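Here's the structure we're looking at; comments come further down.
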Amino acid sequence: MTFLNVDIRKKAYPNGRCAIENLAFAARSGEFIAIVGPSGAGKTTLLNLIAGLDRDMDGSIVFHSGQETEAGHRTSFMFQEPRLMPWLSVQQNLELVLVPLSRAHHVTPLQDLLALVGLPGCGAMFPGQLSGGMQRRVALLRAFIVEPDLLLMDEPFQSLDAPTANQLRLLLQDLWQRTCPTVLFVTHNLREALSLADRILFLSAQPSRVILDLPVDLQRPRAIEDLSVQKLHESLLDQYPQLLGGLIAPSKEKNDA
Amino acid sequence: MQIALKPGAQFGHSRWARILPAFLFICAWQVLAITLESKTLPPPSAVLSVLWHEILTGNLLFHLGMTLSRVAISFTAAMLIGVALGILMGRSKSWDRLLDAFLILALNIPALVTIILCYIWFGLSEIAAVIAVTVNKIPMVAISLREGARAVDKNLLQVARVYRLSRRDTFFKVYLPQLTPYLFGSARNGLAIIWKIVLVVELLGRSNGVGFQISSFFHFFDIAGILAYTLAFALVVFSIETLLLRPLETHLNRWRT
């Protein structure tokens, strides 16, 4: 069932530069889509548009959530930085996003959920007392706790060391398989995309559009160092050497032409 | 590497470090007063005996109470209006442009002018007195809070929007905590300034309060009386700082590690 239709004809920055042009894709309900593109390709801008944080564009973003109202779907956003409120404890940070929902909605106590993401007994701590990896666990839990239909993730594990990032990727897959939101995961790390997604959308450089829509049907759960992931990574870059630079044409052909 | 400066780390912990300078000051004053034997510099013992007499007659409590209530009302009004104005100007460029000239003007009009004009326009009344003090303080609060509102982290406000926090939660749990340093800054120097202005207001047009008392002591050239009220005054300010402001600030800043 299609959950989301994105069709952006044009999105320009306030300075007039065109960020996105003719970018269109659809997402099925519960699908995990990674969006890979060169830096500066307007990936964050795309997520902001889908989240409704930025409405200034020419095109349409339509949700099919079964409900007619605009508030019918629930969106979570995990940003590049954890963006927790530093003056609220971990527990208060989580309660803050639960307030707009009916609290009865939530049956599992927060302490149990904190233990589930590997932070048992950390409810009373302030974000400043946690490591970067722990702060991201809280941010990840905050994103899932509202039981979103759509989870937007903007390179959330970028500045972490490799083992911590791997743990968080496994945690993300675990939480995603439990609750099945549609995920749009922006990254410039192709291995990360291959290890997480059902499908990868490759974007061109600015103005960005989709240049390749690649289904990934490797077995789950996967880790970034799995052989299958490595192999796919190699063969993909063999086929399209400039894929990560936002070009789909094999470089040889380009030289010939 | 972080350079951590801890003010008061050496002296702050010891109560003696606070009391000792005051004690030495009083000793020096006593010695000076005895050697000079001048009518214009009564010794601390004389001041204390006047203070004690004023406490026993109930005069001190009455006049101090009148002054304190004027301070409390004008302080609250000035903070509320100043904070609202500052936030408005910090958030909206058009309001900022519209009000900036007035703010600069209001900031630079001498307190005495405002006081006299208020007494002329509104009569020698309690309301005129409070308005005069409040009007003097508002621009200072507004200037400081405008700075704070400009420095507010938009990333955290995005979090509030994505998770659909109510306006109330967004304001009190996401927005306002970022302004606490500015709030405490203006509360501190606000209290200091308002005290001083209230005394002038009382001297010019009220028949009670510390300012009125000091003016009558001045007519009788009663320096010990003037100093006794000043001392009482200093004690009150000191208690507000140690019993109210500092504990509150420590509580609100407990997340800073």
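So you can find residues: chains in the structure tokens are A, B, ... in the order shown, residues in each start at 1, and ligands are numbered from 1 in order.
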
Show me, as a PyMOL selection string, every residue of chain A with an atom at most 6 Å from chain B, counting only C-alpha atoms.
chain A and resi 87+97+100+126

Please produce a file of the residues just selected, as a short mmCIF file (atom, residue, chain, number, x, y, z; two decimals), in the first residue's frame, where the atoms kept are C-alpha atoms.
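File written: selection21.cif
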```cif
data_model
loop_
_atom_site.label_atom_id
_atom_site.label_comp_id
_atom_site.auth_asym_id
_atom_site.auth_seq_id
_atom_site.Cartn_x
_atom_site.Cartn_y
_atom_site.Cartn_z
CA TRP A 87 17.62 21.26 30.72
CA VAL A 97 6.86 14.34 23.11
CA PRO A 100 0.53 15.78 22.62
CA PHE A 126 20.55 15.02 31.97
#
```

Task: All residues 6 Å or closer to segment 208-216 of chain A, only C-alpha atoms, same chain fewer than 3 positions away omitted, as number ranges by chain - done: A: 20-23, 41, 198-205

* Excluding segment 139-152 of chain B and any residue of its chain fewer than 4 positions from it, enumerate the residues within 7 Å of it, using only C-alpha atoms, and give them as a count of residues only. => 16

For Thr44 of chain A, the closest of A:Gln80, A:Thr108, A:Gln158, A:Ser235 counting only C-alpha atoms is A:Gln80

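Taking atom CA of Ser74 of chain B as the reference point, atom CA of Leu243 of chain B is found at 20.5 Å.
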